[in-house]
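File shown: my_file30.cif (mmCIF, C-alpha atoms and all ligand atoms).
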```cif
data_input
loop_
_atom_site.label_atom_id
_atom_site.label_comp_id
_atom_site.auth_asym_id
_atom_site.auth_seq_id
_atom_site.Cartn_x
_atom_site.Cartn_y
_atom_site.Cartn_z
CA MET A 1 -5.99 21.50 5.44
CA VAL A 2 -2.56 20.01 5.94
CA ALA A 3 -0.33 22.77 4.67
CA ALA A 4 3.40 23.16 4.81
CA GLU A 5 4.76 26.62 5.45
CA GLY A 6 6.78 27.60 2.42
CA SER A 7 4.79 25.24 0.23
CA ASP A 8 2.12 26.49 -2.15
CA HIS A 9 0.77 22.92 -2.39
CA SER A 10 2.48 22.52 -5.73
CA GLY A 11 5.89 23.96 -4.88
CA LEU A 12 8.82 22.16 -3.35
CA VAL A 13 9.83 22.30 0.27
CA PRO A 14 13.53 21.87 0.99
CA ASP A 15 14.21 18.68 2.92
CA SER A 16 16.47 20.48 5.38
CA SER A 17 13.58 22.68 6.49
CA MET A 18 11.11 19.88 7.12
CA ARG A 19 11.56 19.65 10.86
CA SER A 20 10.78 23.31 11.37
CA LEU A 21 7.69 23.40 9.18
CA ALA A 22 4.52 24.73 10.74
CA VAL A 23 1.94 22.16 9.77
CA GLU A 24 -1.65 22.11 10.78
CA PRO A 25 -2.79 18.82 12.29
CA ALA A 26 -6.29 19.10 10.86
CA LEU A 27 -6.86 15.37 10.82
CA PRO A 28 -7.99 12.97 13.53
CA MET A 29 -5.29 12.34 16.12
CA LEU A 30 -5.81 8.57 15.99
CA ALA A 31 -2.76 8.10 13.83
CA PRO A 32 0.48 7.20 15.51
CA VAL A 33 2.44 7.97 12.33
CA ASN A 34 4.10 11.35 12.42
CA VAL A 35 5.87 13.66 10.01
CA ALA A 36 8.10 16.13 11.83
CA GLY A 37 6.12 15.30 14.96
CA ILE A 38 2.71 15.88 13.36
CA PRO A 39 0.22 13.05 12.71
CA TYR A 40 -0.65 12.87 9.02
CA ARG A 41 -2.82 10.89 6.70
CA THR A 42 -1.98 10.41 3.03
CA ILE A 43 -5.26 11.81 1.72
CA TRP A 44 -7.70 14.28 3.21
CA PRO A 45 -10.89 15.89 1.89
CA ASP A 46 -11.40 19.62 1.47
CA PRO A 47 -14.32 20.53 3.73
CA GLY A 48 -16.39 21.80 0.79
CA GLY A 49 -16.07 18.55 -1.12
CA ASN A 50 -14.28 20.34 -3.97
CA ALA A 51 -10.90 18.62 -3.76
CA VAL A 52 -8.68 16.22 -1.86
CA GLY A 53 -5.23 16.92 -0.51
CA ILE A 54 -2.44 14.42 -1.04
CA ILE A 55 1.28 14.10 -0.42
CA ASP A 56 3.17 14.00 -3.72
CA GLN A 57 5.04 10.73 -3.17
CA THR A 58 7.16 11.16 -6.31
CA LEU A 59 9.13 13.86 -4.46
CA LEU A 60 9.83 11.89 -1.28
CA PRO A 61 12.16 11.59 0.53
CA HIS A 62 13.80 14.72 -0.82
CA ARG A 63 10.84 17.07 -0.75
CA PHE A 64 7.70 16.98 1.39
CA SER A 65 5.05 18.62 -0.70
CA THR A 66 1.29 18.44 -0.56
CA THR A 67 -0.98 19.14 -3.48
CA ARG A 68 -4.73 19.39 -4.17
CA LEU A 69 -6.60 17.29 -6.68
CA SER A 70 -9.79 19.02 -7.77
CA SER A 71 -10.95 17.10 -10.81
CA LEU A 72 -11.40 13.58 -12.08
CA ALA A 73 -8.58 14.12 -14.58
CA GLU A 74 -6.18 15.28 -11.85
CA VAL A 75 -6.99 12.23 -9.74
CA ALA A 76 -6.47 9.87 -12.68
CA HIS A 77 -3.13 11.50 -13.41
CA ALA A 78 -2.06 11.32 -9.74
CA ILE A 79 -2.72 7.56 -9.66
CA ARG A 80 -1.15 6.87 -13.07
CA ALA A 81 1.96 8.94 -12.38
CA MET A 82 2.21 7.49 -8.84
CA LEU A 83 1.88 10.71 -6.86
CA VAL A 84 -0.27 8.34 -4.82
CA ARG A 85 0.45 4.62 -4.94
CA GLY A 86 0.04 1.49 -2.84
CA ALA A 87 -3.05 -0.66 -3.26
CA PRO A 88 -5.28 0.73 -0.47
CA LEU A 89 -4.42 4.37 -1.16
CA ILE A 90 -5.04 3.90 -4.89
CA GLY A 91 -8.53 2.60 -4.01
CA ALA A 92 -9.43 5.46 -1.67
CA THR A 93 -8.08 8.08 -4.07
CA ALA A 94 -10.04 6.61 -6.96
CA ALA A 95 -13.25 6.78 -4.90
CA TYR A 96 -12.68 10.50 -4.34
CA GLY A 97 -11.92 10.83 -8.05
CA LEU A 98 -15.27 9.31 -8.94
CA ALA A 99 -16.96 11.79 -6.60
CA LEU A 100 -15.16 14.71 -8.27
CA GLY A 101 -16.25 13.34 -11.64
CA MET A 102 -19.86 13.33 -10.41
CA ARG A 103 -19.62 17.04 -9.66
CA HIS A 104 -18.87 17.65 -13.31
CA ASP A 105 -21.16 15.09 -14.98
CA PRO A 106 -23.48 13.03 -12.73
CA SER A 107 -25.32 11.38 -15.64
CA ASP A 108 -25.17 7.62 -16.20
CA ILE A 109 -22.76 8.24 -19.06
CA GLY A 110 -20.60 10.45 -16.82
CA LEU A 111 -20.57 7.78 -14.14
CA ALA A 112 -19.53 5.05 -16.56
CA ALA A 113 -16.86 7.26 -18.13
CA ALA A 114 -15.40 8.29 -14.75
CA ARG A 115 -15.23 4.69 -13.62
CA ALA A 116 -13.60 3.56 -16.88
CA LEU A 117 -10.99 6.33 -16.77
CA LEU A 118 -10.00 5.53 -13.18
CA LEU A 119 -10.07 1.78 -13.68
CA ALA A 120 -7.54 2.09 -16.50
CA THR A 121 -4.98 3.98 -14.41
CA ARG A 122 -3.27 0.94 -12.87
CA PRO A 123 -4.15 -2.69 -13.56
CA THR A 124 -2.77 -4.81 -10.73
CA ALA A 125 -4.02 -3.57 -7.35
CA VAL A 126 -7.56 -4.88 -7.00
CA ASN A 127 -8.46 -2.24 -4.39
CA LEU A 128 -8.99 0.14 -7.32
CA ARG A 129 -11.70 -2.04 -8.82
CA TRP A 130 -13.17 -2.75 -5.40
CA ALA A 131 -13.43 0.90 -4.39
CA LEU A 132 -14.90 1.98 -7.73
CA ALA A 133 -17.49 -0.81 -7.63
CA ARG A 134 -18.46 0.27 -4.14
CA ALA A 135 -18.70 3.95 -5.06
CA GLN A 136 -20.70 3.14 -8.16
CA ALA A 137 -23.12 0.93 -6.23
CA ALA A 138 -23.68 3.76 -3.76
CA VAL A 139 -24.57 6.34 -6.39
CA ALA A 140 -26.03 4.53 -9.40
CA PRO A 141 -29.55 4.12 -7.89
CA LEU A 142 -29.72 7.83 -7.03
CA PRO A 143 -30.96 10.71 -9.17
CA PRO A 144 -28.01 12.55 -10.79
CA ALA A 145 -28.45 15.62 -8.56
CA GLN A 146 -27.66 13.54 -5.47
CA ARG A 147 -24.75 11.57 -6.86
CA ALA A 148 -21.79 13.88 -6.16
CA ALA A 149 -22.60 14.20 -2.45
CA ALA A 150 -23.30 10.49 -2.08
CA ALA A 151 -20.06 9.54 -3.84
CA TRP A 152 -18.10 11.95 -1.66
CA ALA A 153 -19.60 10.42 1.47
CA GLU A 154 -18.86 6.90 0.25
CA ALA A 155 -15.24 7.84 -0.52
CA GLY A 156 -14.93 9.16 3.04
CA ARG A 157 -16.28 5.89 4.40
CA ILE A 158 -13.82 3.88 2.29
CA ALA A 159 -10.96 6.00 3.63
CA GLU A 160 -12.08 5.65 7.26
CA GLU A 161 -12.59 1.91 6.86
CA ASP A 162 -9.08 1.55 5.47
CA VAL A 163 -7.69 3.01 8.68
CA ALA A 164 -9.84 0.70 10.81
CA LEU A 165 -8.87 -2.38 8.76
CA ASN A 166 -5.19 -1.56 9.08
CA ARG A 167 -5.48 -1.01 12.80
CA ALA A 168 -7.19 -4.39 13.28
CA LEU A 169 -4.70 -6.10 10.98
CA GLY A 170 -1.89 -4.37 12.85
CA GLU A 171 -3.13 -5.72 16.18
CA HIS A 172 -3.12 -9.31 14.91
CA GLY A 173 0.30 -8.86 13.34
CA CYS A 174 1.71 -7.19 16.43
CA ALA A 175 0.58 -10.11 18.60
CA ARG A 176 2.44 -12.47 16.24
CA LEU A 177 5.57 -10.30 16.41
CA GLU A 178 5.40 -10.32 20.21
CA GLN A 179 5.15 -14.11 20.10
CA LEU A 180 8.17 -14.31 17.78
CA ALA A 181 10.10 -12.02 20.10
CA ARG A 182 9.35 -14.30 23.06
CA GLU A 183 10.75 -17.24 21.08
CA ARG A 184 14.00 -15.39 20.31
CA ALA A 185 17.02 -15.04 22.61
CA PRO A 186 16.26 -12.59 25.44
CA GLY A 187 17.59 -9.09 24.88
CA ARG A 188 17.82 -9.50 21.14
CA ARG A 189 15.79 -7.10 19.03
CA LEU A 190 13.30 -8.51 16.54
CA GLU A 191 14.61 -8.35 12.96
CA ILE A 192 12.01 -7.77 10.24
CA LEU A 193 12.63 -7.55 6.50
CA THR A 194 10.16 -5.77 4.22
CA HIS A 195 9.96 -5.11 0.50
CA CYS A 196 8.58 -2.07 -1.33
CA ASN A 197 6.41 0.28 0.71
CA ALA A 198 3.41 -1.23 2.42
CA GLY A 199 3.45 1.34 5.17
CA TRP A 200 1.50 4.41 6.06
CA LEU A 201 2.20 5.99 2.66
CA ALA A 202 0.65 3.06 0.78
CA THR A 203 -2.64 3.34 2.66
CA VAL A 204 -4.79 6.08 4.14
CA ASP A 205 -3.01 5.57 7.44
CA LEU A 206 -0.91 3.10 9.45
CA GLY A 207 -0.04 0.80 6.55
CA THR A 208 -0.50 -2.92 6.13
CA ALA A 209 2.86 -4.68 6.42
CA LEU A 210 4.20 -1.90 8.63
CA ALA A 211 1.12 -1.59 10.87
CA PRO A 212 2.29 -4.46 13.14
CA VAL A 213 5.76 -2.92 13.18
CA TYR A 214 4.47 0.51 14.22
CA LEU A 215 2.27 -0.97 16.94
CA ALA A 216 5.09 -3.16 18.27
CA HIS A 217 7.50 -0.22 18.26
CA ASN A 218 4.95 2.06 19.97
CA ARG A 219 4.50 -0.60 22.66
CA GLY A 220 8.19 -0.81 23.41
CA LEU A 221 9.16 -4.01 21.59
CA PRO A 222 12.78 -3.65 20.41
CA ILE A 223 12.42 -3.98 16.65
CA HIS A 224 14.55 -3.24 13.60
CA VAL A 225 13.54 -3.29 9.93
CA TRP A 226 15.72 -4.28 6.97
CA VAL A 227 14.38 -2.12 4.14
CA ASP A 228 14.77 -3.48 0.60
CA GLU A 229 15.58 -0.60 -1.74
CA THR A 230 13.00 -2.03 -4.22
CA ARG A 231 14.34 -1.26 -7.66
CA PRO A 232 13.36 0.11 -10.07
CA ARG A 233 11.33 2.88 -8.41
CA ASN A 234 12.98 2.47 -5.02
CA GLN A 235 9.83 2.63 -2.90
CA GLY A 236 11.82 1.05 -0.07
CA ALA A 237 14.71 3.50 -0.20
CA SER A 238 12.59 6.58 -0.73
CA LEU A 239 9.30 5.85 1.07
CA THR A 240 9.69 3.05 3.62
CA ALA A 241 13.02 4.35 4.91
CA TRP A 242 11.55 7.84 5.09
CA GLU A 243 8.38 6.97 6.98
CA LEU A 244 10.14 4.62 9.42
CA GLY A 245 12.69 7.37 10.05
CA GLU A 246 10.00 9.99 10.63
CA HIS A 247 8.38 7.75 13.21
CA GLY A 248 11.66 6.76 14.84
CA VAL A 249 11.61 3.05 14.03
CA PRO A 250 15.17 1.63 13.78
CA HIS A 251 15.84 0.49 10.23
CA THR A 252 18.63 -0.18 7.73
CA LEU A 253 18.43 0.16 3.96
CA ILE A 254 19.76 -2.79 1.97
CA ALA A 255 20.24 -3.51 -1.72
CA ASP A 256 17.49 -5.80 -2.99
CA ASN A 257 19.99 -8.59 -3.50
CA ALA A 258 21.16 -8.61 0.14
CA GLY A 259 18.04 -10.17 1.68
CA GLY A 260 18.98 -13.77 0.97
CA HIS A 261 22.39 -13.30 2.53
CA LEU A 262 20.88 -11.80 5.69
CA MET A 263 18.39 -14.65 5.98
CA GLN A 264 21.13 -17.28 5.54
CA HIS A 265 23.02 -15.70 8.42
CA GLY A 266 20.13 -15.64 10.91
CA GLN A 267 19.71 -11.88 10.70
CA VAL A 268 16.01 -11.92 9.77
CA ASP A 269 13.32 -13.23 12.17
CA ALA A 270 10.42 -12.63 9.79
CA VAL A 271 9.59 -11.11 6.43
CA ILE A 272 6.41 -9.02 6.19
CA VAL A 273 5.19 -7.62 2.88
CA GLY A 274 1.95 -6.14 1.58
CA ALA A 275 -0.10 -7.23 -1.41
CA ASP A 276 -1.65 -5.69 -4.47
CA ARG A 277 -3.98 -8.59 -5.15
CA VAL A 278 -4.55 -11.92 -3.41
CA ALA A 279 -6.36 -14.77 -5.14
CA ALA A 280 -8.94 -16.89 -3.32
CA ASN A 281 -6.34 -19.65 -2.85
CA GLY A 282 -3.85 -17.33 -1.10
CA ASP A 283 -1.54 -16.65 -4.06
CA VAL A 284 -0.16 -13.13 -3.70
CA VAL A 285 0.79 -10.57 -6.33
CA ASN A 286 2.96 -7.81 -4.88
CA LYS A 287 5.83 -5.54 -5.92
CA VAL A 288 8.34 -7.26 -8.19
CA GLY A 289 11.01 -8.95 -6.12
CA THR A 290 8.61 -10.24 -3.47
CA TYR A 291 8.79 -13.74 -4.97
CA LEU A 292 12.58 -13.90 -4.62
CA LYS A 293 12.32 -12.91 -0.96
CA ALA A 294 9.72 -15.61 -0.40
CA LEU A 295 11.98 -18.22 -2.03
CA ALA A 296 14.90 -17.19 0.15
CA ALA A 297 12.74 -17.16 3.28
CA HIS A 298 11.41 -20.63 2.44
CA ASP A 299 14.93 -21.96 1.93
CA CYS A 300 16.16 -20.43 5.18
CA GLY A 301 13.14 -21.32 7.35
CA VAL A 302 12.27 -17.66 7.93
CA PRO A 303 8.52 -16.98 8.42
CA PHE A 304 7.09 -15.09 5.45
CA PHE A 305 3.94 -13.09 6.22
CA VAL A 306 1.72 -11.12 3.85
CA ALA A 307 -0.44 -8.36 5.34
CA VAL A 308 -3.78 -8.35 3.52
CA PRO A 309 -6.81 -6.18 4.28
CA SER A 310 -9.91 -7.83 2.78
CA PRO A 311 -10.38 -5.29 -0.06
CA THR A 312 -7.09 -6.65 -1.48
CA ILE A 313 -8.56 -10.14 -1.88
CA ASP A 314 -9.97 -10.90 -5.33
CA TRP A 315 -12.51 -13.62 -4.62
CA SER A 316 -13.32 -13.93 -8.31
CA ILE A 317 -10.06 -15.65 -9.19
CA THR A 318 -9.16 -19.08 -7.88
CA ASP A 319 -5.38 -18.65 -8.22
CA GLY A 320 -2.90 -15.90 -8.98
CA SER A 321 -2.00 -16.90 -12.52
CA GLY A 322 -4.63 -14.65 -14.07
CA ILE A 323 -3.74 -11.49 -12.18
CA PRO A 324 -2.63 -8.78 -14.62
CA VAL A 325 0.93 -7.58 -13.99
CA GLU A 326 1.53 -3.96 -14.87
CA GLU A 327 4.37 -3.37 -17.33
CA ARG A 328 5.78 0.08 -16.69
CA GLY A 329 8.07 2.26 -18.75
CA ALA A 330 11.66 1.23 -19.49
CA ARG A 331 12.94 4.58 -18.23
CA GLU A 332 12.28 3.48 -14.63
CA VAL A 333 14.93 0.79 -15.17
CA THR A 334 17.46 2.68 -17.29
CA HIS A 335 17.41 5.83 -15.12
CA ILE A 336 17.38 6.67 -11.42
CA HIS A 337 16.46 9.82 -9.51
CA GLY A 338 18.15 11.47 -6.57
CA LEU A 339 19.77 14.57 -5.16
CA ASP A 340 23.04 15.82 -6.57
CA SER A 341 25.79 17.38 -4.47
CA ARG A 342 23.98 20.75 -4.66
CA ASP A 343 20.73 19.24 -3.38
CA GLN A 344 19.09 19.46 -6.79
CA LEU A 345 16.74 16.67 -7.86
CA VAL A 346 18.27 15.01 -10.89
CA GLU A 347 17.70 11.97 -13.06
CA VAL A 348 20.71 10.01 -14.30
CA ARG A 349 21.00 7.22 -16.83
CA ILE A 350 22.69 4.03 -15.61
CA SER A 351 22.76 2.00 -18.83
CA PRO A 352 24.01 2.53 -22.38
CA PRO A 353 21.63 4.83 -24.30
CA SER A 354 20.41 2.11 -26.65
CA THR A 355 19.94 -0.67 -24.08
CA PRO A 356 16.36 -1.97 -24.08
CA ALA A 357 14.77 -2.60 -20.69
CA ALA A 358 11.75 -4.54 -19.44
CA ASN A 359 9.84 -3.43 -16.38
CA PRO A 360 7.26 -5.86 -14.94
CA ALA A 361 6.16 -4.02 -11.81
CA PHE A 362 4.76 -6.96 -9.81
CA ASP A 363 5.30 -10.68 -9.38
CA LEU A 364 3.40 -13.69 -8.12
CA THR A 365 4.33 -15.38 -4.87
CA PRO A 366 2.67 -18.82 -4.75
CA ALA A 367 0.67 -19.54 -1.62
CA ARG A 368 2.93 -22.51 -0.78
CA LEU A 369 5.78 -20.09 0.01
CA ILE A 370 3.68 -18.00 2.41
CA THR A 371 3.69 -18.84 6.12
CA ALA A 372 0.45 -16.97 6.80
CA LEU A 373 -1.76 -14.08 5.75
CA ILE A 374 -2.37 -11.33 8.30
CA THR A 375 -5.86 -9.90 7.87
CA GLU A 376 -8.16 -7.64 9.88
CA ARG A 377 -10.00 -10.74 11.15
CA GLY A 378 -6.93 -12.66 12.20
CA ILE A 379 -4.05 -14.69 10.82
CA CYS A 380 -4.74 -17.60 8.51
CA PRO A 381 -2.92 -20.06 6.29
CA ALA A 382 -2.57 -18.91 2.67
CA THR A 383 -5.14 -21.41 1.45
CA THR A 384 -8.69 -21.36 0.15
CA ASN A 385 -9.94 -22.86 3.40
CA GLY A 386 -7.86 -20.51 5.52
CA LEU A 387 -9.38 -17.46 3.84
CA ARG A 388 -12.85 -18.98 3.77
CA ALA A 389 -12.75 -19.60 7.52
CA LEU A 390 -12.10 -15.90 8.16
CA PHE A 391 -14.37 -14.49 5.45
CA PRO A 392 -17.19 -17.00 4.98
CA GLU A 393 -19.60 -14.39 3.64
CA LEU A 394 -17.14 -13.19 0.98
CA ALA A 395 -15.45 -16.38 -0.16
CA PRO A 396 -17.00 -18.20 -3.12
CA LEU A 397 -18.81 -21.41 -2.29
CA PRO A 398 -16.98 -24.68 -2.95
CA PRO A 399 -17.78 -26.26 -6.33
CA MET A 400 -21.06 -28.22 -6.33
CA ALA A 401 -19.21 -31.44 -7.19
CA SER A 402 -17.65 -31.49 -3.74
CA PHE A 403 -20.92 -30.73 -1.97
CA ASN A 404 -22.17 -33.71 0.02
CA PRO A 405 -25.42 -33.17 1.95
CA GLU A 406 -24.56 -36.16 4.15
CA LEU A 407 -21.63 -34.32 5.67
CA PRO A 408 -22.00 -31.61 8.31
CA SER A 409 -21.24 -28.22 6.78
O1 LIG B 1 3.73 0.25 -7.52
P1 LIG B 1 3.30 0.57 -6.11
O2 LIG B 1 4.25 1.46 -5.40
O3 LIG B 1 1.87 1.07 -6.07
O4 LIG B 1 3.34 -0.83 -5.42
C1 LIG B 1 3.01 -0.94 -4.05
C2 LIG B 1 3.17 -2.30 -3.53
O5 LIG B 1 3.50 -3.23 -4.25
C3 LIG B 1 2.79 -2.52 -2.13
O6 LIG B 1 3.60 -3.48 -1.53
C4 LIG B 1 1.34 -3.00 -2.11
O7 LIG B 1 0.51 -2.08 -2.78
C5 LIG B 1 0.83 -3.21 -0.78
S1 LIG B 1 0.51 -1.66 -0.05
C6 LIG B 1 -0.26 -1.76 1.38
#
```

Would you write the structure of this file as structure tokens?
Ligand code: MRU
Amino acid sequence: MVAAEGSDHSGLVPDSSMRSLAVEPALPMLAPVNVAGIPYRTIWPDPGGNAVGIIDQTLLPHRFSTTRLSSLAEVAHAIRAMLVRGAPLIGATAAYGLALGMRHDPSDIGLAAARALLLATRPTAVNLRWALARAQAAVAPLPPAQRAAAAWAEAGRIAEEDVALNRALGEHGCARLEQLARERAPGRRLEILTHCNAGWLATVDLGTALAPVYLAHNRGLPIHVWVDETRPRNQGASLTAWELGEHGVPHTLIADNAGGHLMQHGQVDAVIVGADRVAANGDVVNKVGTYLKALAAHDCGVPFFVAVPSPTIDWSITDGSGIPVEERGAREVTHIHGLDSRDQLVEVRISPPSTPAANPAFDLTPARLITALITERGICPATTNGLRALFPELAPLPPMASFNPELPS
């Protein structure tokens, strides 16, 4: 599968050698997102159904290294330790994990245990629950002997659908960016600000928040992205900056605190972020810090868009207050990772040894601060009715009390 020369799938590949790596483009050429000129996806199945390949995102941007996950336990670890991360990719990876679990124990007890193990890996992104429910529904009615193959096929469908959803979402978002560009002074490039990584690396391919950006860039729209560093794990600095750079999209890294200043000074035309879970009323939970960007955008009159494929919508909750926010380890706050002057990956402490730290990994952006949601079916207001108009078959029915048979539906 996708193999890097000089990499044994678990070893490190020096950053300086990336551009000369011989990599095998074994995946469909649909993707416009390239690494060293080669189209990649973030997850790919072994032909025999024994394993999936992934990019170890904990090593980016310093090392590009792929690795194979061949058991349920390895998949659970990869999600928990964030070798793979980002709501849609977590979902697709978990579906493959369930299939690998079925190879080992396809009984009803094995199925329930595999689902429970994967479900516990990360609590916030609802795509995990969605993908596992889908995989379970596909295999539970089958005899155990057929479950592993059926789960593998379902995981493949979930992965392919993710790409299709992002492409459709990207088209709608790109059209909105083109409209914004027409409204701006001629000759001026479009300035986008994004938080965390909701790009190609957070999905199977293309990304959510960055899909409109990639499409606009590919079509020749002059565009530039302000990339929030996204403390504490720095997904912006390490992942978004890396993937935009690989694809040649102009971008500039900024400290998280700089966004408000840029917006006050007319240097941001729109903010686009992804989402880990969206409530039925349009409230959005995304990487911590998203809320502060939405407040600043609201104050400055900058449009604030959230890119949301439908598997990220949790129709079972009416607002975002009940969405569980993952609390991660304090070490992510008290320490940072990077390359030292000898190109060695090192971790350094930035606070006194005894300083306690809190690390809520996500925050809630109320729907009232969101200009619009960009979905695969179009762009809608962040409201119950806005989402219901696009997804009538998925949205819960209005409460009976408001049902009036005299009125046209
Ligand atoms: O903790 P992470 O890196 O998994 O968080 C990722 C994000 O918050 C993304 O913005 C979100 O998953 C949307 S990805 C398309």

Could you give me, as a tab-separated table, every chain A residue with an atom at most 8 Å from ligand LIG 1 (chain B), plus its closest atom pair and distance in Å to one decimal, counting only C-alpha atoms and all ligand atoms, rows ordered by chain then number?
```
residue	atom	partner	partner_atom	distance
A:Met82	CA	B:LIG1	O3	7.0
A:Val84	CA	B:LIG1	O3	7.7
A:Arg85	CA	B:LIG1	O3	4.0
A:Gly86	CA	B:LIG1	O7	3.6
A:Ala87	CA	B:LIG1	O7	3.9
A:Pro88	CA	B:LIG1	C6	5.9
A:Leu89	CA	B:LIG1	C6	7.8
A:Ile90	CA	B:LIG1	O3	7.6
A:Ala125	CA	B:LIG1	O7	6.6
A:His195	CA	B:LIG1	O6	6.9
A:Cys196	CA	B:LIG1	O6	5.2
A:Asn197	CA	B:LIG1	O6	5.2
A:Ala198	CA	B:LIG1	S1	3.8
A:Gly199	CA	B:LIG1	C6	6.1
A:Trp200	CA	B:LIG1	C6	7.9
A:Ala202	CA	B:LIG1	S1	4.8
A:Thr203	CA	B:LIG1	C6	5.8
A:Gly207	CA	B:LIG1	C6	5.8
A:Thr208	CA	B:LIG1	C6	4.9
A:Ala209	CA	B:LIG1	C6	6.6
A:Arg233	CA	B:LIG1	O2	7.8
A:Gln235	CA	B:LIG1	O2	6.2
A:Val273	CA	B:LIG1	O6	6.3
A:Gly274	CA	B:LIG1	C5	3.9
A:Ala275	CA	B:LIG1	C5	4.2
A:Asp276	CA	B:LIG1	O7	4.5
A:Asn286	CA	B:LIG1	O5	4.7
A:Lys287	CA	B:LIG1	O5	3.7
A:Val288	CA	B:LIG1	O5	7.4
A:Ala307	CA	B:LIG1	C6	7.7
A:Val308	CA	B:LIG1	C6	7.8
A:Ala361	CA	B:LIG1	O1	6.5
A:Phe362	CA	B:LIG1	O5	6.8
```

CA of Thr121 (chain A) to CA of Ala81 (chain A), distance in Å rounded to a single decimal: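 That distance, rounded to one decimal, is 8.8 Å.
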
Could you name the residues that touch region 297-305 of chain A at 9 Å or less, counting all atoms listed in the file, but leaving out those on the same chain fewer than 5 positions away, as a PDB file with C-alpha atoms, keeping the file's coordinate frame?
```
ATOM      1  CA  ALA A 209       2.860  -4.680   6.420  1.00  0.00           C
ATOM      2  CA  GLY A 259      18.040 -10.170   1.680  1.00  0.00           C
ATOM      3  CA  GLY A 260      18.980 -13.770   0.970  1.00  0.00           C
ATOM      4  CA  MET A 263      18.390 -14.650   5.980  1.00  0.00           C
ATOM      5  CA  GLN A 264      21.130 -17.280   5.540  1.00  0.00           C
ATOM      6  CA  HIS A 265      23.020 -15.700   8.420  1.00  0.00           C
ATOM      7  CA  GLY A 266      20.130 -15.640  10.910  1.00  0.00           C
ATOM      8  CA  VAL A 268      16.010 -11.920   9.770  1.00  0.00           C
ATOM      9  CA  ASP A 269      13.320 -13.230  12.170  1.00  0.00           C
ATOM     10  CA  ALA A 270      10.420 -12.630   9.790  1.00  0.00           C
ATOM     11  CA  VAL A 271       9.590 -11.110   6.430  1.00  0.00           C
ATOM     12  CA  ILE A 272       6.410  -9.020   6.190  1.00  0.00           C
ATOM     13  CA  VAL A 273       5.190  -7.620   2.880  1.00  0.00           C
ATOM     14  CA  GLY A 274       1.950  -6.140   1.580  1.00  0.00           C
ATOM     15  CA  LEU A 292      12.580 -13.900  -4.620  1.00  0.00           C
ATOM     16  CA  LEU A 369       5.780 -20.090   0.010  1.00  0.00           C
ATOM     17  CA  ILE A 370       3.680 -18.000   2.410  1.00  0.00           C
ATOM     18  CA  THR A 371       3.690 -18.840   6.120  1.00  0.00           C
ATOM     19  CA  ALA A 372       0.450 -16.970   6.800  1.00  0.00           C
ATOM     20  CA  LEU A 373      -1.760 -14.080   5.750  1.00  0.00           C
ATOM     21  CA  ILE A 374      -2.370 -11.330   8.300  1.00  0.00           C
TER      22      ILE A 374
END
```

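In terms of minimum interatomic distance to Glu161 (chain A), A:Ala131 ranks closest within A:Ala131, A:Leu100, A:Cys174, A:Leu83, counting all atoms listed in the file.
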
Between CA of His62 (chain A) and CA of Glu332 (chain A), distance in Å (one decimal):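 So the answer is 17.9 Å.
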
If we count all atoms listed in the file and set the cut-off at 10 Å, which residues sit around Ala164 (chain A), ignoring sequence neighbours fewer than 6 positions away in its own chain? Please answer as an mmCIF file with C-alpha atoms, keeping the file's coordinate frame.
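Output contents, as saved in result_9.cif:
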```
data_model
loop_
_atom_site.group_PDB
_atom_site.id
_atom_site.type_symbol
_atom_site.label_atom_id
_atom_site.label_comp_id
_atom_site.auth_asym_id
_atom_site.auth_seq_id
_atom_site.Cartn_x
_atom_site.Cartn_y
_atom_site.Cartn_z
ATOM 1 C CA ILE A 158 -13.820 3.880 2.290
ATOM 2 C CA GLY A 170 -1.890 -4.370 12.850
ATOM 3 C CA VAL A 204 -4.790 6.080 4.140
ATOM 4 C CA ASP A 205 -3.010 5.570 7.440
ATOM 5 C CA LEU A 206 -0.910 3.100 9.450
ATOM 6 C CA PRO A 309 -6.810 -6.180 4.280
ATOM 7 C CA GLU A 376 -8.160 -7.640 9.880
#
```

Could you please give me, as a ChimeraX atom specification, the residues of protein, DNA or RNA lying at most 9 Å from (-19.2, 20.0, -4.5) in the coordinate frame of the file, considering all atoms listed in the file? /A:48-51,99-100,102-103,148-149,152

Write the selection just made, keeping C-alpha atoms, as an mmCIF file, in the coordinates of the input?
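Writing the result to again-v9.cif gives the following:
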```
data_model
loop_
_atom_site.group_PDB
_atom_site.id
_atom_site.type_symbol
_atom_site.label_atom_id
_atom_site.label_comp_id
_atom_site.auth_asym_id
_atom_site.auth_seq_id
_atom_site.Cartn_x
_atom_site.Cartn_y
_atom_site.Cartn_z
ATOM 1 C CA GLY A 48 -16.390 21.800 0.790
ATOM 2 C CA GLY A 49 -16.070 18.550 -1.120
ATOM 3 C CA ASN A 50 -14.280 20.340 -3.970
ATOM 4 C CA ALA A 51 -10.900 18.620 -3.760
ATOM 5 C CA ALA A 99 -16.960 11.790 -6.600
ATOM 6 C CA LEU A 100 -15.160 14.710 -8.270
ATOM 7 C CA MET A 102 -19.860 13.330 -10.410
ATOM 8 C CA ARG A 103 -19.620 17.040 -9.660
ATOM 9 C CA ALA A 148 -21.790 13.880 -6.160
ATOM 10 C CA ALA A 149 -22.600 14.200 -2.450
ATOM 11 C CA TRP A 152 -18.100 11.950 -1.660
#
```

Just give me the gap between CA of Gly289 (chain A) and CA of Pro360 (chain A) in Å, one decimal is fine. 10.1 Å

Find the spatial neighbours of Asp108 (chain A), counting all atoms listed in the file, within a cut-off of 9 Å - ignore same-chain residues fewer than 5 positions away - and output them as number ranges by chain. A: 113, 140, 144
